[in-house]
>>> print(open('entry_2.txt').read())   # compact mmCIF, C-alpha atoms
# COMPACT_ATOMS: atom_id res chain seq x y z
CA MET J 1 0.00 0.00 0.00
CA LYS J 2 1.28 3.51 -0.83
CA TRP J 3 0.72 5.85 2.09
CA ASN J 4 -0.14 9.49 1.55
CA THR J 5 2.30 11.65 3.54
CA LEU J 6 -0.36 14.11 4.67
CA PHE J 7 -2.55 11.22 5.85
CA ILE J 8 0.29 9.86 7.97
CA VAL J 9 1.06 13.25 9.55
CA LEU J 10 -2.60 13.92 10.34
CA PHE J 11 -3.61 10.54 11.65
CA PHE J 12 -0.36 9.03 12.93
CA PRO J 13 1.52 12.01 14.41
CA PHE J 14 3.20 9.77 16.97
CA LEU J 15 5.36 8.33 14.19
CA SER J 16 7.45 11.52 14.13
CA PHE J 17 6.55 13.47 17.26
CA GLY J 18 9.12 13.35 20.02
CA GLN J 19 11.81 11.59 18.01
CA SER J 20 15.27 12.77 18.98
CA LYS J 21 17.12 14.98 16.56
CA THR J 22 20.27 14.72 18.65
CA LEU J 23 23.25 12.37 18.71
CA PRO J 24 25.45 11.61 21.72
CA LEU J 25 28.29 14.07 22.19
CA LYS J 26 31.98 13.21 22.33
CA ILE J 27 35.30 15.00 22.73
CA SER J 28 37.40 15.60 19.61
CA LYS J 29 40.71 13.79 19.14
CA ASP J 30 42.80 16.83 20.09
CA GLY J 31 40.74 17.32 23.26
CA HIS J 32 39.68 20.91 22.60
CA PHE J 33 36.29 20.58 20.90
CA PHE J 34 32.93 18.84 21.11
CA GLN J 35 31.61 16.68 18.31
CA THR J 36 28.61 14.46 17.70
CA SER J 37 29.03 10.69 17.68
CA ASP J 38 29.20 10.73 13.87
CA GLY J 39 32.16 13.13 13.93
CA GLN J 40 30.38 16.41 13.12
CA PRO J 41 31.46 19.63 14.89
CA PHE J 42 29.31 20.69 17.83
CA PHE J 43 29.64 24.32 18.90
CA TRP J 44 28.08 24.66 22.36
CA LEU J 45 25.69 27.62 22.32
CA GLY J 46 23.97 27.50 25.66
CA ASP J 47 21.18 29.39 27.39
CA THR J 48 20.66 29.46 31.15
CA GLY J 49 17.11 28.33 31.80
CA TRP J 50 17.99 27.52 35.39
CA LEU J 51 14.47 27.29 36.88
CA LEU J 52 12.85 25.62 33.89
CA PHE J 53 11.56 22.55 35.74
CA THR J 54 9.98 24.40 38.68
CA ASN J 55 8.76 27.68 37.16
CA LEU J 56 7.23 26.66 33.81
CA ASN J 57 4.21 24.58 32.93
CA GLU J 58 4.03 22.38 29.84
CA SER J 59 2.80 25.03 27.39
CA GLU J 60 5.37 27.53 28.69
CA VAL J 61 8.09 24.93 28.22
CA ASP J 62 7.03 24.52 24.58
CA GLN J 63 7.12 28.28 24.04
CA TYR J 64 10.56 28.63 25.61
CA LEU J 65 12.13 25.70 23.75
CA ASP J 66 10.65 26.84 20.44
CA ASP J 67 12.13 30.30 20.94
CA ARG J 68 15.60 29.05 21.86
CA GLN J 69 15.64 26.63 18.94
CA GLU J 70 14.68 29.45 16.57
CA LYS J 71 17.45 31.66 17.94
CA GLY J 72 20.11 29.02 17.30
CA PHE J 73 20.78 27.77 20.83
CA ASN J 74 21.57 24.07 21.13
CA VAL J 75 22.12 23.62 24.90
CA ILE J 76 19.78 24.53 27.77
CA GLN J 77 21.36 24.66 31.24
CA ALA J 78 18.81 23.86 33.96
CA MET J 79 18.66 22.84 37.62
CA LEU J 80 16.93 19.56 38.42
CA LEU J 81 16.74 20.62 42.07
CA PRO J 82 17.08 24.35 42.80
CA LYS J 83 16.44 23.28 46.40
CA LEU J 84 15.60 20.00 48.13
CA ALA J 85 11.98 21.08 48.59
CA ALA J 86 11.56 21.75 44.86
CA VAL J 87 8.00 21.54 43.50
CA ASN J 88 6.94 21.89 39.86
CA GLN J 89 3.95 23.79 38.48
CA LYS J 90 1.80 20.65 38.71
CA GLY J 91 2.41 20.52 42.45
CA ASP J 92 4.70 17.49 42.25
CA SER J 93 7.49 17.40 44.82
CA ALA J 94 10.91 16.39 43.58
CA LEU J 95 11.83 14.49 46.74
CA LEU J 96 10.01 12.71 49.54
CA LYS J 97 10.43 14.87 52.67
CA SER J 98 13.33 16.70 50.96
CA ASN J 99 15.42 13.53 51.12
CA LEU J 100 17.82 13.40 48.16
CA SER J 101 17.87 9.62 48.19
CA GLN J 102 14.09 9.48 47.62
CA PRO J 103 13.28 11.15 44.28
CA GLN J 104 9.61 11.15 43.29
CA GLN J 105 8.52 9.64 39.99
CA GLN J 106 5.91 12.22 38.96
CA TYR J 107 8.35 15.12 39.22
CA PHE J 108 10.92 13.29 37.13
CA ASP J 109 8.25 12.19 34.65
CA PHE J 110 7.84 15.90 33.91
CA VAL J 111 11.62 16.32 33.68
CA GLU J 112 11.80 13.45 31.21
CA SER J 113 9.01 14.95 29.11
CA VAL J 114 10.97 18.20 28.86
CA VAL J 115 14.13 16.32 27.91
CA ASP J 116 12.21 14.58 25.14
CA LYS J 117 10.71 17.86 23.91
CA ALA J 118 14.18 19.35 23.76
CA ALA J 119 15.51 16.34 21.83
CA ALA J 120 12.74 16.68 19.26
CA ARG J 121 13.97 20.24 18.66
CA GLY J 122 17.64 19.29 18.46
CA LEU J 123 18.40 20.75 21.88
CA TYR J 124 20.65 19.24 24.55
CA MET J 125 19.80 19.52 28.24
CA ALA J 126 22.74 20.32 30.53
CA LEU J 127 21.33 19.24 33.87
CA VAL J 128 22.56 20.22 37.33
CA PRO J 129 21.64 17.29 39.63
CA VAL J 130 21.37 19.42 42.79
CA TRP J 131 22.24 23.10 43.22
CA GLY J 132 25.11 23.89 45.56
CA GLY J 133 23.14 25.75 48.23
CA ALA J 134 21.65 22.70 49.94
CA VAL J 135 24.96 20.88 49.78
CA LYS J 136 26.83 23.81 51.30
CA GLU J 137 24.30 23.90 54.14
CA GLY J 138 25.21 20.30 55.00
CA LYS J 139 21.83 18.86 54.00
CA VAL J 140 23.28 16.27 51.59
CA SER J 141 25.42 13.30 52.59
CA SER J 142 27.74 11.41 50.26
CA ALA J 143 25.55 8.33 50.65
CA ALA J 144 22.40 10.22 49.63
CA ALA J 145 24.28 11.83 46.73
CA THR J 146 25.40 8.41 45.53
CA ALA J 147 21.87 6.99 45.69
CA TYR J 148 20.46 10.02 43.86
CA ALA J 149 23.14 9.85 41.14
CA HIS J 150 22.34 6.15 40.68
CA PHE J 151 18.69 7.07 40.16
CA LEU J 152 19.62 9.72 37.56
CA ALA J 153 21.98 7.37 35.73
CA THR J 154 19.27 4.71 35.52
CA ARG J 155 16.47 7.10 34.59
CA PHE J 156 18.28 9.06 31.86
CA HIS J 157 20.84 6.60 30.52
CA ASN J 158 19.06 6.18 27.18
CA LYS J 159 18.48 9.88 26.52
CA LYS J 160 20.87 11.05 23.82
CA ASN J 161 20.64 14.75 24.63
CA ILE J 162 21.80 14.80 28.26
CA ILE J 163 24.91 16.58 29.60
CA TRP J 164 25.66 16.55 33.32
CA LEU J 165 26.65 19.73 35.16
CA ASN J 166 27.86 18.58 38.55
CA GLY J 167 28.08 21.26 41.23
CA GLY J 168 26.01 24.41 40.95
CA ASP J 169 27.49 27.82 41.78
CA ILE J 170 29.80 26.44 44.45
CA LYS J 171 33.52 25.87 44.96
CA GLY J 172 34.63 22.30 44.41
CA SER J 173 36.50 22.40 47.71
CA ASP J 174 33.18 22.94 49.51
CA SER J 175 31.72 19.46 50.13
CA ALA J 176 34.14 17.83 47.68
CA ALA J 177 33.11 14.37 48.88
CA VAL J 178 29.52 14.99 47.70
CA TRP J 179 30.59 16.28 44.29
CA ASN J 180 32.93 13.33 43.80
CA ALA J 181 30.18 10.93 44.88
CA ILE J 182 27.85 12.34 42.22
CA GLY J 183 30.58 12.57 39.60
CA ASN J 184 32.01 9.11 40.17
CA THR J 185 28.57 7.44 40.25
CA LEU J 186 27.39 9.09 37.04
CA HIS J 187 30.70 8.36 35.37
CA ARG J 188 30.59 4.71 36.38
CA GLU J 189 26.91 4.09 35.56
CA ASP J 190 26.25 6.61 32.77
CA ALA J 191 29.52 7.20 30.93
CA VAL J 192 27.65 7.82 27.66
CA HIS J 193 26.94 11.40 28.73
CA LEU J 194 29.55 14.13 29.05
CA MET J 195 30.02 15.80 32.41
CA THR J 196 31.60 18.92 33.91
CA PHE J 197 31.34 21.02 37.08
CA HIS J 198 29.54 24.37 37.32
CA PRO J 199 31.58 26.39 39.83
CA ARG J 200 31.25 29.54 41.90
CA GLY J 201 31.79 32.92 40.28
CA ARG J 202 35.41 33.76 39.36
CA THR J 203 36.44 30.11 39.61
CA GLN J 204 36.83 27.22 37.19
CA SER J 205 36.20 23.49 37.41
CA SER J 206 39.87 22.80 36.77
CA ASP J 207 40.75 24.40 40.11
CA TRP J 208 39.70 21.12 41.72
CA PHE J 209 38.66 18.46 39.23
CA HIS J 210 40.70 18.72 36.01
CA ASN J 211 42.26 15.29 36.54
CA ALA J 212 39.10 13.64 37.88
CA ALA J 213 38.05 10.72 35.69
CA TRP J 214 34.45 11.96 35.70
CA LEU J 215 35.25 15.47 34.36
CA ASP J 216 35.12 15.39 30.55
CA PHE J 217 35.41 19.14 29.96
CA ASN J 218 36.03 22.30 31.95
CA MET J 219 33.56 25.04 32.73
CA PHE J 220 34.10 28.34 34.51
CA GLN J 221 31.88 31.13 35.74
CA SER J 222 33.43 34.47 34.85
CA GLY J 223 30.68 36.07 36.90
CA HIS J 224 28.76 39.31 36.94
CA GLN J 225 31.27 41.86 38.29
CA ARG J 226 33.09 44.55 36.34
CA TYR J 227 36.82 45.16 36.72
CA ASN J 228 36.72 47.34 39.84
CA GLN J 229 34.25 45.00 41.57
CA ASP J 230 36.50 41.94 41.37
CA THR J 231 37.91 41.19 44.81
CA THR J 232 39.42 37.77 44.00
CA ALA J 233 43.13 37.04 44.08
CA ARG J 234 43.23 36.41 40.33
CA LYS J 235 41.91 39.86 39.44
CA TYR J 236 40.75 38.69 36.00
CA GLY J 237 37.92 41.18 36.16
CA GLU J 238 35.92 41.03 32.93
CA ASP J 239 38.78 39.27 31.09
CA ASN J 240 37.02 35.92 30.78
CA PHE J 241 39.49 34.84 28.10
CA ARG J 242 42.09 34.40 30.83
CA TYR J 243 40.25 31.38 32.22
CA ILE J 244 40.28 29.88 28.73
CA GLN J 245 43.99 30.54 28.30
CA ALA J 246 44.76 28.81 31.61
CA ASP J 247 42.69 25.70 30.86
CA TYR J 248 43.71 25.47 27.20
CA LYS J 249 47.28 24.74 28.28
CA ARG J 250 46.42 22.03 30.80
CA THR J 251 47.10 18.34 30.22
CA PRO J 252 45.30 16.26 29.41
CA ALA J 253 43.61 18.62 26.99
CA LYS J 254 39.90 19.13 27.64
CA PRO J 255 37.33 21.48 26.10
CA VAL J 256 36.59 24.61 28.13
CA LEU J 257 33.85 27.24 28.00
CA ASP J 258 32.35 30.12 29.97
CA GLY J 259 29.23 28.58 31.51
CA GLU J 260 28.08 31.77 33.25
CA PRO J 261 29.31 35.19 32.17
CA SER J 262 27.58 38.48 33.02
CA TYR J 263 23.91 38.13 32.13
CA GLU J 264 22.12 40.55 29.89
CA GLY J 265 19.68 42.60 31.99
CA ILE J 266 21.39 42.08 35.36
CA PRO J 267 23.14 44.73 37.53
CA GLN J 268 26.89 44.99 37.33
CA GLY J 269 27.99 43.43 40.59
CA LEU J 270 24.79 41.37 40.69
CA HIS J 271 23.10 42.64 43.85
CA ASP J 272 22.59 46.41 43.56
CA PRO J 273 19.92 47.45 41.00
CA LYS J 274 21.19 51.03 41.24
CA GLU J 275 24.30 49.93 39.33
CA PRO J 276 24.36 49.94 35.50
CA PHE J 277 22.91 46.82 33.90
CA TRP J 278 24.85 44.58 31.52
CA THR J 279 23.68 44.83 27.91
CA ASP J 280 24.02 42.98 24.61
CA LYS J 281 27.35 44.64 23.78
CA ASP J 282 28.84 43.16 26.96
CA VAL J 283 27.47 39.71 26.21
CA ARG J 284 28.97 39.80 22.71
CA ARG J 285 32.36 40.79 24.13
CA TYR J 286 32.34 37.88 26.59
CA ALA J 287 31.30 35.48 23.85
CA TYR J 288 33.85 36.41 21.20
CA TRP J 289 36.70 36.94 23.65
CA SER J 290 36.31 33.50 25.24
CA VAL J 291 35.69 31.54 22.04
CA PHE J 292 38.51 33.19 20.07
CA ALA J 293 40.83 32.45 23.00
CA GLY J 294 40.14 28.73 22.50
CA GLY J 295 36.71 28.12 23.97
CA ALA J 296 34.62 25.21 22.66
CA GLY J 297 31.43 27.21 23.02
CA PHE J 298 29.67 29.81 25.13
CA THR J 299 26.64 30.09 27.42
CA TYR J 300 24.42 33.15 27.22
CA GLY J 301 22.13 34.28 30.01
CA HIS J 302 19.43 36.84 30.70
CA SER J 303 18.39 37.70 34.25
CA ALA J 304 14.64 37.49 33.59
CA VAL J 305 14.90 34.28 31.57
CA MET J 306 17.15 32.34 33.90
CA GLN J 307 14.59 32.80 36.71
CA PHE J 308 11.56 32.81 34.36
CA HIS J 309 10.27 35.97 35.98
CA LYS J 310 6.54 36.54 35.54
CA ALA J 311 4.26 39.54 36.11
CA LYS J 312 3.41 40.33 39.76
CA GLU J 313 6.26 38.16 41.01
CA LYS J 314 9.00 39.71 43.11
CA GLY J 315 12.01 38.22 41.34
CA VAL J 316 15.66 38.63 42.29
CA TYR J 317 18.70 40.67 41.23
CA GLY J 318 16.63 43.75 40.41
CA VAL J 319 14.88 42.01 37.51
CA ARG J 320 12.93 44.56 35.44
CA GLU J 321 11.24 42.45 32.75
CA VAL J 322 8.98 39.46 32.44
CA TYR J 323 10.75 36.52 30.84
CA THR J 324 8.46 36.36 27.80
CA ASP J 325 9.66 39.85 26.82
CA ALA J 326 13.27 39.12 27.75
CA LEU J 327 13.33 36.11 25.41
CA HIS J 328 13.65 38.68 22.64
CA ALA J 329 16.47 40.73 24.19
CA PRO J 330 19.05 41.82 21.57
CA GLY J 331 21.86 39.62 22.88
CA ALA J 332 19.78 36.46 22.66
CA SER J 333 19.19 36.99 18.96
CA GLN J 334 22.84 37.83 18.28
CA MET J 335 24.51 34.73 19.73
CA LYS J 336 23.74 32.58 16.68
CA TYR J 337 26.00 34.75 14.52
CA LEU J 338 29.04 33.58 16.47
CA LYS J 339 28.09 29.96 15.90
CA GLN J 340 27.44 30.62 12.20
CA LEU J 341 30.81 32.32 11.79
CA LEU J 342 32.73 29.36 13.18
CA THR J 343 30.74 26.45 11.82
CA GLY J 344 30.88 27.95 8.34
CA ARG J 345 34.62 27.23 8.16
CA SER J 346 36.96 24.33 8.87
CA TYR J 347 36.40 23.60 12.52
CA PHE J 348 38.80 21.25 14.26
CA ASP J 349 41.93 23.05 13.03
CA ARG J 350 41.09 26.32 14.80
CA VAL J 351 43.58 27.52 17.43
CA PRO J 352 44.01 30.75 19.41
CA ASP J 353 46.92 32.80 18.06
CA GLN J 354 47.79 36.30 19.27
CA SER J 355 50.79 36.36 16.89
CA LEU J 356 48.22 37.23 14.23
CA LEU J 357 48.51 40.75 15.64
CA ALA J 358 51.60 42.77 14.74
CA LYS J 359 51.33 45.17 17.67
CA ASP J 360 49.98 45.52 21.20
CA THR J 361 46.71 43.65 21.65
CA GLY J 362 45.40 46.23 24.14
CA SER J 363 43.99 45.98 27.65
CA LYS J 364 40.49 45.80 29.14
CA HIS J 365 37.82 46.51 26.53
CA GLN J 366 40.46 47.65 24.05
CA ARG J 367 41.91 44.14 23.84
CA ILE J 368 41.84 42.39 20.47
CA ILE J 369 41.58 38.58 20.43
CA ALA J 370 42.64 36.51 17.39
CA THR J 371 42.17 32.92 16.27
CA LYS J 372 42.93 31.00 13.09
CA GLY J 373 42.39 27.84 11.10
CA THR J 374 44.57 26.52 8.30
CA THR J 375 43.11 28.87 5.68
CA TYR J 376 41.46 31.66 7.68
CA ALA J 377 42.05 34.10 10.53
CA LEU J 378 39.56 35.95 12.74
CA TYR J 379 40.15 39.07 14.85
CA TYR J 380 37.66 40.55 17.32
CA THR J 381 37.63 44.16 18.49
CA ALA J 382 35.00 45.14 21.07
CA THR J 383 35.37 48.88 20.45
CA GLY J 384 36.09 49.31 16.74
CA ARG J 385 39.79 49.74 17.39
CA SER J 386 42.10 49.47 14.35
CA ILE J 387 43.51 45.98 13.85
CA PRO J 388 47.21 45.62 12.90
CA ALA J 389 47.10 42.24 11.18
CA GLN J 390 50.31 40.26 10.74
CA LEU J 391 49.71 38.53 7.43
CA GLY J 392 51.42 35.34 6.26
CA LYS J 393 50.04 33.29 9.15
CA ILE J 394 47.68 31.12 7.09
CA GLU J 395 48.20 28.97 3.99
CA ALA J 396 47.54 31.40 1.12
CA SER J 397 49.32 33.49 -1.49
CA TYR J 398 46.55 36.06 -1.41
CA ILE J 399 43.88 36.73 1.19
CA LYS J 400 40.44 38.28 0.96
CA ALA J 401 39.36 40.41 3.91
CA SER J 402 35.89 41.34 5.14
CA TRP J 403 34.11 42.80 8.14
CA TYR J 404 31.64 40.60 10.02
CA ASP J 405 29.03 42.37 12.13
CA PRO J 406 28.36 40.46 15.40
CA ARG J 407 25.05 42.32 15.76
CA THR J 408 23.59 41.21 12.43
CA GLY J 409 25.77 38.44 10.98
CA VAL J 410 26.27 40.52 7.83
CA SER J 411 29.63 40.43 6.01
CA THR J 412 31.07 43.38 4.06
CA ARG J 413 33.92 42.80 1.62
CA ILE J 414 37.09 44.86 2.10
CA GLY J 415 39.35 43.58 -0.66
CA THR J 416 42.04 41.13 -1.74
CA PHE J 417 45.68 41.49 -0.67
CA PRO J 418 49.03 39.67 -0.84
CA ASN J 419 49.44 37.42 2.18
CA LYS J 420 52.55 39.07 3.60
CA GLY J 421 53.65 41.92 5.80
CA VAL J 422 51.53 43.99 8.16
CA LYS J 423 48.28 45.61 7.14
CA VAL J 424 46.15 47.79 9.40
CA PHE J 425 42.40 47.38 9.02
CA ASP J 426 40.14 50.17 10.34
CA PRO J 427 36.61 48.99 11.25
CA PRO J 428 33.50 50.93 10.18
CA GLY J 429 32.28 53.67 12.52
CA LYS J 430 34.09 55.47 15.30
CA GLU J 431 35.98 53.83 18.11
CA GLU J 432 33.57 53.40 21.01
CA GLU J 433 31.99 50.81 23.31
CA GLY J 434 29.63 48.53 21.43
CA ASN J 435 31.10 49.17 17.98
CA ASP J 436 32.45 45.63 17.85
CA TRP J 437 33.58 43.88 14.66
CA VAL J 438 35.24 40.72 13.47
CA LEU J 439 37.93 41.06 10.83
CA VAL J 440 37.72 37.93 8.69
CA ILE J 441 40.68 36.88 6.54
CA ASP J 442 40.17 33.95 4.21
CA ARG J 443 42.40 32.33 1.64
CA SER J 444 41.60 33.90 -1.74
>>> encode(input="entry_2.txt", output="structure tokens")
Amino acid sequence: MKWNTLFIVLFFPFLSFGQSKTLPLKISKDGHFFQTSDGQPFFWLGDTGWLLFTNLNESEVDQYLDDRQEKGFNVIQAMLLPKLAAVNQKGDSALLKSNLSQPQQQYFDFVESVVDKAAARGLYMALVPVWGGAVKEGKVSSAAATAYAHFLATRFHNKKNIIWLNGGDIKGSDSAAVWNAIGNTLHREDAVHLMTFHPRGRTQSSDWFHNAAWLDFNMFQSGHQRYNQDTTARKYGEDNFRYIQADYKRTPAKPVLDGEPSYEGIPQGLHDPKEPFWTDKDVRRYAYWSVFAGGAGFTYGHSAVMQFHKAKEKGVYGVREVYTDALHAPGASQMKYLKQLLTGRSYFDRVPDQSLLAKDTGSKHQRIIATKGTTYALYYTATGRSIPAQLGKIEASYIKASWYDPRTGVSTRIGTFPNKGVKVFDPPGKEEEGNDWVLVIDRS
């Protein structure tokens, strides 16, 4: 019998609905990138939907996932348990009497339905088993953590689109036994899924766990403070590329990315709404700086979206918008242009290379970051500063140069030049904050 396609879609929708459009993720041979199980490049473009499982109902989940898919995101970072007494919008408790070793089926049925919805849209779910607050308060034992991790490994083993984010805004030295219990159990019983550690602000997973067998890739939280608000010993300030540079050199090589930079729509310094708020220009700077420095991806965040703030709710961190409006913030729509820029060229040969610049790379927001593949070079300026390009660094007799606009993804041709010597390229517009550009040099 010859089936009519429309008939099948109308009367047998289950044949296609919910099928996963994802493949398991792996680490590339050189250790610096993600790839799918069939060897295709995977550029991590994440969004922080932290309170997804507790603050959204089913229709709201559909709306959110549809929006993030349309905007080019491919990873959603979410907390399974923001707290031990977590309850979803259906009224289902996550745990029996807030006991981590007694997860409740109905709550995790909803979690699984969201995971499946994400898979049908080609989205991966980066799941935090339990947020760090309860662990830091001493409410979680290693034995309970082991039992809970066993439950997660059994429940989600066959889901292709799972990534584990151990930790949750906490230092790895705080309750290390619990984090190792979760990590080791998931690694032993669910090694098909990649895993990292989401750390406290201004720290990185490699500070504690780089050589742990369960840590497949590194993640850091560059945080929400500007330069003069950084009180840590490192004093990296807004220079999130410095975390990348440190981890890129470690052995064994592992991918690294900024899993929580300054969020769009959140106060600088996080807690005082009288401070200026971070905007799309800041998010773009964090994204291009970290990826060009060697990052395997980037996670975007918006204050209203990460907490799914709704009308008439109090919210936190001086939130000023409802999440349904914030979904369309400028930065959220601009992140896909970074992914498009990189995936449109040879992928696994890309390396960070500041020798592509003939002169001083600058400091703070003036800094220029450069990266290259075999036949191309990319330079990012956050302020429209002139770029002194040292040519002859890629395989080409002649190069063609163009400007790539991180705000729109539009390329503008500059010209063709011999691939030798130093040539200064002056970006469009005047030098100022937010006039950011990528100089693209390709083999002609």
>>> residues_near_point(input="entry_2.txt", point="(31.3, 9.0, 41.6)", cutoff="12 Å", atoms="all atoms listed in the file", output="VMD selection string")
chain J and resid 142 to 143 145 to 150 153 166 176 to 191 195 212 to 215
>>> atom_distance(input="entry_2.txt", atom1="atom CA of Tyr323 of chain J", atom2="atom CA of His309 of chain J")
5.2 Å
>>> closest_atom_pairs(input="entry_2.txt", of="segment 252-304 of chain J", to="segment 223-235 of chain J", cutoff="9 Å", atoms="only C-alpha atoms", output="tab-separated table")
residue	atom	partner	partner_atom	distance
J:Glu260	CA	J:Gly223	CA	6.2
J:Pro261	CA	J:Gly223	CA	5.0
J:Ser262	CA	J:His224	CA	4.2
J:Tyr263	CA	J:His224	CA	6.9
J:Ile266	CA	J:His224	CA	8.0
J:Pro267	CA	J:His224	CA	7.8
J:Gln268	CA	J:Gln225	CA	5.5
J:Gly269	CA	J:Gln225	CA	4.3
J:Leu270	CA	J:His224	CA	5.8
J:Trp278	CA	J:His224	CA	8.5
>>> closest_residue(input="entry_2.txt", among="J:Arg242, J:Arg155, J:His210, J:Lys171", to="Pro255 of chain J", atoms="all atoms listed in the file")
J:His210
>>> residues_around(input="entry_2.txt", residues="Lys423 of chain J", least_positions_apart="3", cutoff="7 Å", atoms="all atoms listed in the file", output="list of chain:residue names")
J:Pro388, J:Ala389, J:Gln390
>>> atom_distance(input="entry_2.txt", atom1="atom CA of Thr154 of chain J", atom2="atom CA of Val87 of chain J")
21.8 Å
>>> atom_distance(input="entry_2.txt", atom1="atom CA of Tyr286 of chain J", atom2="atom CA of Ile368 of chain J")
12.2 Å
>>> closest_residue(input="entry_2.txt", among="J:Tyr243, J:Phe110, J:Tyr248, J:Tyr236", to="Val61 of chain J", atoms="all atoms listed in the file")
J:Phe110
>>> residues_around(input="entry_2.txt", residues="Val115 of chain J", least_positions_apart="2", cutoff="8 Å", atoms="all atoms listed in the file", output="PDB file with C-alpha atoms, keeping the file's coordinate frame")
ATOM      1  CA  VAL J 111      11.620  16.320  33.680  1.00  0.00           C
ATOM      2  CA  GLU J 112      11.800  13.450  31.210  1.00  0.00           C
ATOM      3  CA  SER J 113       9.010  14.950  29.110  1.00  0.00           C
ATOM      4  CA  LYS J 117      10.710  17.860  23.910  1.00  0.00           C
ATOM      5  CA  ALA J 118      14.180  19.350  23.760  1.00  0.00           C
ATOM      6  CA  ALA J 119      15.510  16.340  21.830  1.00  0.00           C
ATOM      7  CA  TYR J 124      20.650  19.240  24.550  1.00  0.00           C
ATOM      8  CA  MET J 125      19.800  19.520  28.240  1.00  0.00           C
ATOM      9  CA  LYS J 159      18.480   9.880  26.520  1.00  0.00           C
ATOM     10  CA  ASN J 161      20.640  14.750  24.630  1.00  0.00           C
ATOM     11  CA  ILE J 162      21.800  14.800  28.260  1.00  0.00           C
TER      12      ILE J 162
END
>>> closest_residue(input="entry_2.txt", among="J:Thr383, J:Asn57, J:Thr203, J:Thr375", to="Asp426 of chain J", atoms="all atoms listed in the file")
J:Thr383
>>> residues_near_point(input="entry_2.txt", point="(48.2, 42.0, 9.3)", cutoff="10 Å", atoms="all atoms listed in the file", output="list in words")
Ser355, Leu356, Leu357, Ala358, Lys359, Ile387, Pro388, Ala389, Gln390, Leu391, Gly392, Lys393, Asn419, Lys420, Gly421, Val422, Lys423, Val424, Phe425 and Ile441 of chain J
>>> residues_around(input="entry_2.txt", residues="Asn211 of chain J", least_positions_apart="2", cutoff="10 Å", atoms="all atoms listed in the file", output="PyMOL selection string")
chain J and resi 206-209+213-216+250-252+254
>>> closest_residue(input="entry_2.txt", among="J:Val128, J:Leu51, J:Leu165, J:Ala293", to="Arg367 of chain J", atoms="all atoms listed in the file")
J:Ala293
>>> closest_residue(input="entry_2.txt", among="J:Thr343, J:Ser37, J:Ser20, J:Asn74", to="Gly373 of chain J", atoms="all atoms listed in the file")
J:Thr343
>>> closest_residue(input="entry_2.txt", among="J:Asp272, J:Asp360, J:Glu70, J:Asp239", to="Trp289 of chain J", atoms="all atoms listed in the file")
J:Asp239
>>> residues_around(input="entry_2.txt", residues="Gln106 of chain J", least_positions_apart="5", cutoff="10 Å", atoms="all atoms listed in the file", output="list in words")
Asn88, Lys90, Gly91, Asp92, Ser93, Ala94, Val111 and Glu112 of chain J
>>> write_last_selection(input="entry_2.txt", atoms="C-alpha atoms", output="compact mmCIF listing (two decimals), in the coordinates of the input")
# COMPACT_ATOMS: atom_id res chain seq x y z
CA ASN J 88 6.94 21.89 39.86
CA LYS J 90 1.80 20.65 38.71
CA GLY J 91 2.41 20.52 42.45
CA ASP J 92 4.70 17.49 42.25
CA SER J 93 7.49 17.40 44.82
CA ALA J 94 10.91 16.39 43.58
CA VAL J 111 11.62 16.32 33.68
CA GLU J 112 11.80 13.45 31.21
>>> residues_around(input="entry_2.txt", residues="Asp47 of chain J", least_positions_apart="3", cutoff="12 Å", atoms="all atoms listed in the file", output="MDAnalysis selection string")
chainID J and resid 44 50:52 64:65 67:69 71:78 123:126 258:261 263:264 297:303 305:307 327 331:333 335:336
>>> axis_aligned_box(input="entry_2.txt", around="segment 213-226 of chain J", padding_each_side="3 Å", output="lines of an AutoDock Vina configuration file")
center_x = 33.4
center_y = 27.6
center_z = 34.1
size_x = 15.3
size_y = 39.8
size_z = 14.3
